[in-house]
>>> print(open('coords.txt').read())   # compact mmCIF, C-alpha atoms
# COMPACT_ATOMS: atom_id res chain seq x y z
CA MET N 2 0.00 0.00 0.00
CA THR N 3 1.39 3.39 -1.01
CA LYS N 4 2.17 5.66 1.92
CA TRP N 5 -0.13 8.66 2.13
CA LEU N 6 0.15 11.57 4.58
CA PHE N 7 -3.19 12.05 6.35
CA LEU N 8 -3.55 15.59 7.72
CA SER N 9 -6.01 15.78 10.60
CA LYS N 10 -6.96 19.01 12.34
CA ASN N 11 -5.70 18.72 15.92
CA ALA N 12 -5.42 15.00 15.10
CA THR N 13 -9.17 14.75 15.78
CA ASP N 14 -10.81 15.06 12.34
CA PRO N 15 -13.26 12.12 12.44
CA VAL N 16 -13.38 11.54 8.67
CA ILE N 17 -9.62 11.75 8.09
CA ASN N 18 -8.95 9.61 11.17
CA LEU N 19 -11.38 6.96 9.95
CA PHE N 20 -9.85 7.00 6.49
CA ALA N 21 -6.32 6.71 7.87
CA ALA N 22 -7.28 3.89 10.24
CA GLY N 23 -8.81 1.98 7.32
CA CYS N 24 -5.45 2.29 5.56
CA ARG N 25 -3.54 1.35 8.72
CA GLN N 26 -1.62 4.58 8.52
CA PRO N 27 -1.10 7.30 11.18
CA VAL N 28 -2.51 10.79 11.08
CA ILE N 29 -0.48 13.98 11.22
CA ASN N 30 -1.68 16.83 13.41
CA THR N 31 -2.14 19.87 11.15
CA GLU N 32 -1.04 22.10 14.02
CA VAL N 33 2.49 20.71 13.85
CA PHE N 34 2.62 19.76 10.16
CA LYS N 35 5.31 21.51 8.17
CA TYR N 36 5.09 21.12 4.41
CA THR N 37 8.25 19.83 2.78
CA PRO N 38 8.62 18.53 -0.76
CA GLY N 39 8.33 14.78 -1.00
CA PRO N 40 6.95 11.85 -2.95
CA TYR N 41 4.06 10.89 -0.71
CA PRO N 42 0.51 11.97 -1.58
CA ILE N 43 -1.19 14.24 0.96
CA VAL N 44 -4.76 13.63 2.14
CA LEU N 45 -6.62 16.62 3.60
CA ARG N 46 -10.16 17.71 4.31
CA GLY N 47 -11.69 21.14 3.96
CA ILE N 48 -11.12 24.07 1.65
CA MET N 49 -9.34 26.09 4.34
CA LYS N 50 -6.27 23.91 3.82
CA HIS N 51 -5.70 26.22 0.86
CA LYS N 52 -2.01 26.85 1.53
CA VAL N 53 -1.21 23.13 1.35
CA ILE N 54 -3.41 22.62 -1.70
CA LYS N 55 -1.83 25.50 -3.59
CA GLN N 56 1.66 24.32 -2.63
CA CYS N 57 0.85 20.86 -3.98
CA TRP N 58 -0.32 22.45 -7.22
CA SER N 59 2.87 24.50 -7.40
CA ASP N 60 5.06 21.43 -6.78
CA ASN N 61 2.98 19.15 -9.03
CA ARG N 62 2.49 16.93 -6.00
CA THR N 63 -0.40 14.48 -5.72
CA PHE N 64 -3.01 15.23 -3.08
CA TYR N 65 -6.45 13.86 -2.27
CA TYR N 66 -9.06 16.38 -1.20
CA VAL N 67 -11.88 15.16 1.05
CA ASP N 68 -15.17 17.00 1.51
CA THR N 69 -18.94 16.47 1.59
CA GLY N 70 -20.24 13.96 -0.96
CA TYR N 71 -22.48 14.86 -3.87
CA PHE N 72 -25.34 12.45 -3.12
CA GLY N 73 -26.73 10.37 -0.27
CA ASN N 74 -26.47 12.83 2.63
CA GLU N 75 -30.05 14.06 2.52
CA LYS N 76 -32.83 12.79 4.79
CA THR N 77 -34.22 9.52 3.47
CA ILE N 78 -35.78 6.35 4.83
CA THR N 79 -32.33 4.79 5.06
CA ASN N 80 -30.75 8.00 6.41
CA PRO N 81 -33.55 9.53 8.53
CA ARG N 82 -31.32 12.07 10.26
CA GLY N 83 -29.54 13.22 7.14
CA TRP N 84 -26.10 12.23 8.38
CA LYS N 85 -23.12 12.98 6.14
CA LEU N 86 -22.53 9.37 5.19
CA TYR N 87 -20.79 10.07 1.88
CA HIS N 88 -17.62 12.07 1.31
CA ARG N 89 -16.07 12.96 -2.01
CA ILE N 90 -12.37 12.29 -2.54
CA VAL N 91 -10.85 14.21 -5.42
CA LYS N 92 -7.38 13.74 -6.82
CA ASN N 93 -5.53 17.04 -7.30
CA ASN N 94 -8.63 19.22 -7.27
CA LEU N 95 -11.59 20.30 -5.14
CA GLN N 96 -14.37 18.72 -7.18
CA HIS N 97 -14.70 16.28 -10.07
CA GLY N 98 -15.04 18.62 -13.02
CA GLU N 99 -15.21 16.21 -15.95
CA ILE N 100 -17.05 13.07 -16.99
CA ILE N 101 -15.14 9.79 -17.03
CA ALA N 102 -17.03 6.72 -18.27
CA ARG N 103 -18.02 4.61 -15.25
CA PRO N 104 -20.35 1.68 -14.63
CA ASP N 105 -23.73 2.51 -13.14
CA ASP N 106 -23.52 0.19 -10.12
CA ARG N 107 -22.61 2.83 -7.54
CA TRP N 108 -25.19 5.28 -8.86
CA ASN N 109 -27.92 2.63 -8.87
CA LYS N 110 -27.06 1.65 -5.29
CA LEU N 111 -27.97 5.17 -4.16
CA GLY N 112 -31.54 4.71 -5.37
CA LYS N 113 -31.71 8.22 -6.78
CA THR N 114 -33.32 9.51 -9.96
CA ILE N 115 -32.70 12.40 -12.34
CA ALA N 116 -35.81 14.44 -13.05
CA PRO N 117 -36.58 15.53 -16.62
CA TRP N 118 -35.90 19.17 -17.45
CA LYS N 119 -38.78 21.32 -16.26
CA LYS N 120 -38.20 24.27 -18.63
CA HIS N 121 -40.63 26.50 -16.78
CA GLY N 122 -40.59 28.74 -13.78
CA ARG N 123 -40.02 32.44 -13.52
CA LYS N 124 -37.23 33.17 -11.03
CA ILE N 125 -33.44 33.04 -11.22
CA LEU N 126 -32.09 31.70 -7.94
CA VAL N 127 -28.56 32.77 -7.00
CA ALA N 128 -27.02 30.43 -4.42
CA LYS N 129 -24.71 32.64 -2.40
CA PRO N 130 -21.35 30.95 -1.77
CA ASP N 131 -19.93 30.45 1.71
CA ILE N 132 -17.08 32.61 2.90
CA LYS N 133 -14.54 29.74 2.86
CA PRO N 134 -14.44 29.24 -0.93
CA CYS N 135 -14.31 33.01 -1.31
CA VAL N 136 -11.13 33.04 0.77
CA PHE N 137 -9.72 30.16 -1.27
CA TYR N 138 -10.41 31.78 -4.63
CA GLY N 139 -9.62 35.31 -3.48
CA ILE N 140 -13.02 36.85 -4.17
CA ASP N 141 -15.08 39.30 -2.14
CA LEU N 142 -18.39 37.63 -1.27
CA GLU N 143 -20.68 40.64 -1.39
CA GLN N 144 -18.97 41.97 -4.51
CA TRP N 145 -19.46 38.60 -6.20
CA VAL N 146 -23.16 38.63 -5.37
CA SER N 147 -23.57 42.21 -6.56
CA ASN N 148 -21.66 41.62 -9.81
CA THR N 149 -23.47 38.36 -10.51
CA VAL N 150 -26.94 39.82 -9.99
CA GLU N 151 -26.03 42.86 -12.10
CA THR N 152 -24.77 40.63 -14.92
CA ILE N 153 -27.88 38.45 -14.83
CA LYS N 154 -30.12 41.51 -15.06
CA GLN N 155 -28.33 42.60 -18.21
CA TYR N 156 -29.66 39.53 -20.00
CA THR N 157 -33.09 38.83 -18.50
CA ASP N 158 -36.09 40.56 -16.97
CA ARG N 159 -36.77 37.57 -14.71
CA PRO N 160 -36.78 38.31 -10.97
CA VAL N 161 -33.51 37.40 -9.27
CA VAL N 162 -33.59 35.89 -5.78
CA VAL N 163 -30.41 35.54 -3.71
CA ARG N 164 -30.43 32.54 -1.38
CA GLU N 165 -28.14 32.43 1.62
CA ARG N 166 -27.58 28.94 2.99
CA ALA N 167 -29.02 28.38 6.45
CA PRO N 168 -26.19 28.31 9.04
CA LYS N 169 -27.46 25.15 10.76
CA ARG N 170 -27.39 21.87 8.84
CA GLU N 171 -30.54 20.72 10.64
CA ASP N 172 -32.43 23.61 9.04
CA ARG N 173 -30.86 22.95 5.63
CA ILE N 174 -32.19 19.39 5.57
CA THR N 175 -35.60 20.05 7.18
CA THR N 176 -37.24 23.48 7.14
CA ASP N 177 -35.04 25.48 4.74
CA THR N 178 -34.03 23.02 2.06
CA LEU N 179 -32.55 23.87 -1.30
CA GLU N 180 -35.14 21.62 -2.93
CA SER N 181 -38.01 23.67 -1.54
CA ALA N 182 -36.34 26.86 -2.79
CA LEU N 183 -35.81 25.38 -6.25
CA MET N 184 -39.41 24.20 -6.48
CA ASP N 185 -40.64 27.73 -5.77
CA ASP N 186 -41.10 28.84 -9.41
CA VAL N 187 -37.35 28.75 -10.21
CA PHE N 188 -36.30 28.71 -13.87
CA ALA N 189 -32.52 28.40 -13.35
CA LEU N 190 -29.95 28.39 -10.57
CA VAL N 191 -26.69 30.35 -10.56
CA THR N 192 -23.87 29.48 -8.19
CA TYR N 193 -20.13 29.66 -7.78
CA ASN N 194 -18.57 26.44 -6.48
CA SER N 195 -21.54 25.08 -4.53
CA ILE N 196 -22.78 21.54 -5.05
CA ALA N 197 -26.21 23.19 -5.07
CA ALA N 198 -25.78 23.01 -8.84
CA THR N 199 -25.65 19.22 -8.64
CA GLU N 200 -28.90 19.09 -6.70
CA SER N 201 -30.48 21.54 -9.11
CA VAL N 202 -29.67 19.41 -12.16
CA LEU N 203 -30.97 16.28 -10.43
CA LEU N 204 -34.25 18.10 -9.80
CA GLY N 205 -34.55 19.16 -13.45
CA ILE N 206 -33.59 22.82 -12.96
CA PRO N 207 -30.75 24.02 -15.24
CA ALA N 208 -27.76 25.62 -13.52
CA PHE N 209 -24.90 27.99 -14.20
CA THR N 210 -21.58 27.39 -12.43
CA LEU N 211 -18.99 30.16 -12.24
CA ALA N 212 -16.07 28.69 -10.25
CA ALA N 213 -13.04 27.00 -11.77
CA ALA N 214 -14.04 23.74 -10.09
CA ASN N 215 -17.65 22.58 -9.83
CA ALA N 216 -18.83 19.00 -10.13
CA ALA N 217 -21.87 20.08 -12.15
CA SER N 218 -19.86 22.00 -14.74
CA PRO N 219 -20.11 19.27 -17.43
CA VAL N 220 -23.91 19.54 -17.38
CA CYS N 221 -24.19 23.29 -16.84
CA SER N 222 -23.28 26.54 -18.55
CA ASN N 223 -20.93 29.23 -17.25
CA ASP N 224 -22.12 31.94 -19.64
CA LEU N 225 -24.65 34.21 -17.94
CA SER N 226 -25.50 35.86 -21.25
CA LYS N 227 -27.39 32.60 -21.92
CA ILE N 228 -29.45 32.85 -18.73
CA ASP N 229 -32.73 32.77 -20.67
CA ASN N 230 -31.49 29.87 -22.80
CA PRO N 231 -29.77 27.43 -20.41
CA TYR N 232 -27.85 24.34 -21.39
CA TYR N 233 -30.03 21.22 -21.32
CA PRO N 234 -27.77 18.18 -21.77
CA ASP N 235 -29.55 15.01 -22.84
CA ASP N 236 -30.47 12.14 -20.53
CA GLN N 237 -27.51 10.03 -21.62
CA LYS N 238 -25.00 12.71 -20.64
CA LYS N 239 -26.72 13.39 -17.32
CA HIS N 240 -26.67 9.69 -16.50
CA ALA N 241 -22.98 9.37 -17.39
CA TRP N 242 -22.25 12.41 -15.23
CA ALA N 243 -24.12 10.98 -12.25
CA CYS N 244 -22.36 7.63 -12.60
CA HIS N 245 -18.98 9.37 -12.65
CA LEU N 246 -19.72 11.43 -9.54
CA SER N 247 -20.91 8.34 -7.69
CA TYR N 248 -17.45 6.89 -8.32
CA GLY N 249 -15.90 9.99 -6.75
CA GLN N 250 -17.55 9.68 -3.35
CA PHE N 251 -17.35 7.04 -0.65
CA HIS N 252 -19.49 5.82 2.22
CA LEU N 253 -17.98 5.99 5.70
CA SER N 254 -17.86 2.20 5.70
CA GLU N 255 -15.55 2.29 2.68
CA LEU N 256 -13.20 4.66 4.48
CA ARG N 257 -13.30 2.43 7.54
CA ASP N 258 -12.44 -0.84 5.80
CA GLY N 259 -9.77 0.54 3.47
CA SER N 260 -11.69 -0.15 0.28
CA ALA N 261 -11.86 3.58 -0.59
CA HIS N 262 -8.06 3.74 -0.63
CA ALA N 263 -7.82 0.58 -2.73
CA LYS N 264 -10.38 1.86 -5.23
CA LEU N 265 -8.66 5.22 -5.58
CA GLU N 266 -5.34 3.54 -6.30
CA GLN N 267 -7.06 1.24 -8.81
CA TRP N 268 -8.88 4.05 -10.62
CA TYR N 269 -6.28 6.79 -10.52
CA GLY N 270 -2.97 5.02 -9.92
>>> encode(input="coords.txt", output="structure tokens")
Amino acid sequence: MTKWLFLSKNATDPVINLFAAGCRQPVINTEVFKYTPGPYPIVLRGIMKHKVIKQCWSDNRTFYYVDTGYFGNEKTITNPRGWKLYHRIVKNNLQHGEIIARPDDRWNKLGKTIAPWKKHGRKILVAKPDIKPCVFYGIDLEQWVSNTVETIKQYTDRPVVVRERAPKREDRITTDTLESALMDDVFALVTYNSIAATESVLLGIPAFTLAAANAASPVCSNDLSKIDNPYYPDDQKKHAWACHLSYGQFHLSELRDGSAHAKLEQWYG
């Protein structure tokens, strides 16, 4: 098994610790970690590890970025409390921004569906990004919102609604869900890096993604001048996209038993 360096905040990050234990490898406390060039891939969780990520990019060093999964973390019969059971693991980036041909077994196991395009609705919903990606990408949050809304209004007379994500996850998965917002007469969603775009496409609402890395980019547009004429990829492409993303995320049980590590080495080398 290839040695990987698992960076764990205060050595207590539950996801990284579980992943490392499944690989029978130790964790490294981020508070004492000092980056030095080397051959071993780095595993880290959270966008605020931006200095390490950017150094890896600069050194052309392999890293694996861990964050919330794309599917399977919502409240369902099998996940009644909406626990974050799935985590995405991305090689050398923050999200999976392309489509690689994959089998459909992992997607089918999730029991999810992709709704047909609705092609109606009146509003444009702007999903306001969190402050953390703004820090990572060096953008001013309020300026981004202002510029984005202004640009949208240059190309449409549709009402623009800015949605700020509820601070508490319990509210986001119960009383203030993105799905309920999207179903409220929304024609298209606009976002920066948020995986809200992924949920939007699954619900049949076209989306526009503006960040350099967004998992929904292959099935979305990034040209706001087309806001009244969104990109509607066909069912075959949407299915291929969903299958690929399902191969980029892992259940906690796969982290625990080491199979996530084995699969990543098999798929990506």
>>> closest_residue(input="coords.txt", among="N:Leu95, N:Ile43, N:Val67, N:Ile132", to="N:Leu256", atoms="only C-alpha atoms")
N:Val67
>>> atom_distance(input="coords.txt", atom1="atom CA of N:Pro234", atom2="atom CA of N:Asp105")
18.3 Å
>>> residues_around(input="coords.txt", residues="N:Thr152", least_positions_apart="5", cutoff="9 Å", atoms="all atoms listed in the file", output="list in words")
Ser147, Leu225 and Ser226 of chain N
>>> residues_near_point(input="coords.txt", point="(-24.3, 7.6, -15.2)", cutoff="8 Å", atoms="only C-alpha atoms", output="number ranges by chain")
N: 102-105, 108, 237-245
>>> residues_around(input="coords.txt", residues="stretch 26-35 of chain N", least_positions_apart="6", cutoff="12 Å", atoms="all atoms listed in the file", output="PyMOL selection string")
chain N and resi 2-20+43-46+49-50+52-53+56+257+259+262
>>> atom_distance(input="coords.txt", atom1="atom CA of N:Trp58", atom2="atom CA of N:Arg107")
29.7 Å
>>> residues_around(input="coords.txt", residues="N:Thr149", least_positions_apart="6", cutoff="12 Å", atoms="only C-alpha atoms", output="list of chain:residue names")
N:Ile125, N:Leu126, N:Val127, N:Ala128, N:Lys129, N:Pro130, N:Asp141, N:Leu142, N:Glu143, N:Gln155, N:Tyr156, N:Val161, N:Val162, N:Val163, N:Leu190, N:Val191, N:Thr192, N:Tyr193, N:Phe209, N:Thr210, N:Leu211, N:Asn223, N:Asp224, N:Leu225, N:Ser226, N:Ile228
>>> residues_near_point(input="coords.txt", point="(-39.1, 30.2, -9.8)", cutoff="8 Å", atoms="all atoms listed in the file", output="list of chain:residue names")
N:Gly122, N:Arg123, N:Lys124, N:Ile125, N:Leu126, N:Leu183, N:Met184, N:Asp185, N:Asp186, N:Val187, N:Phe188, N:Ala189
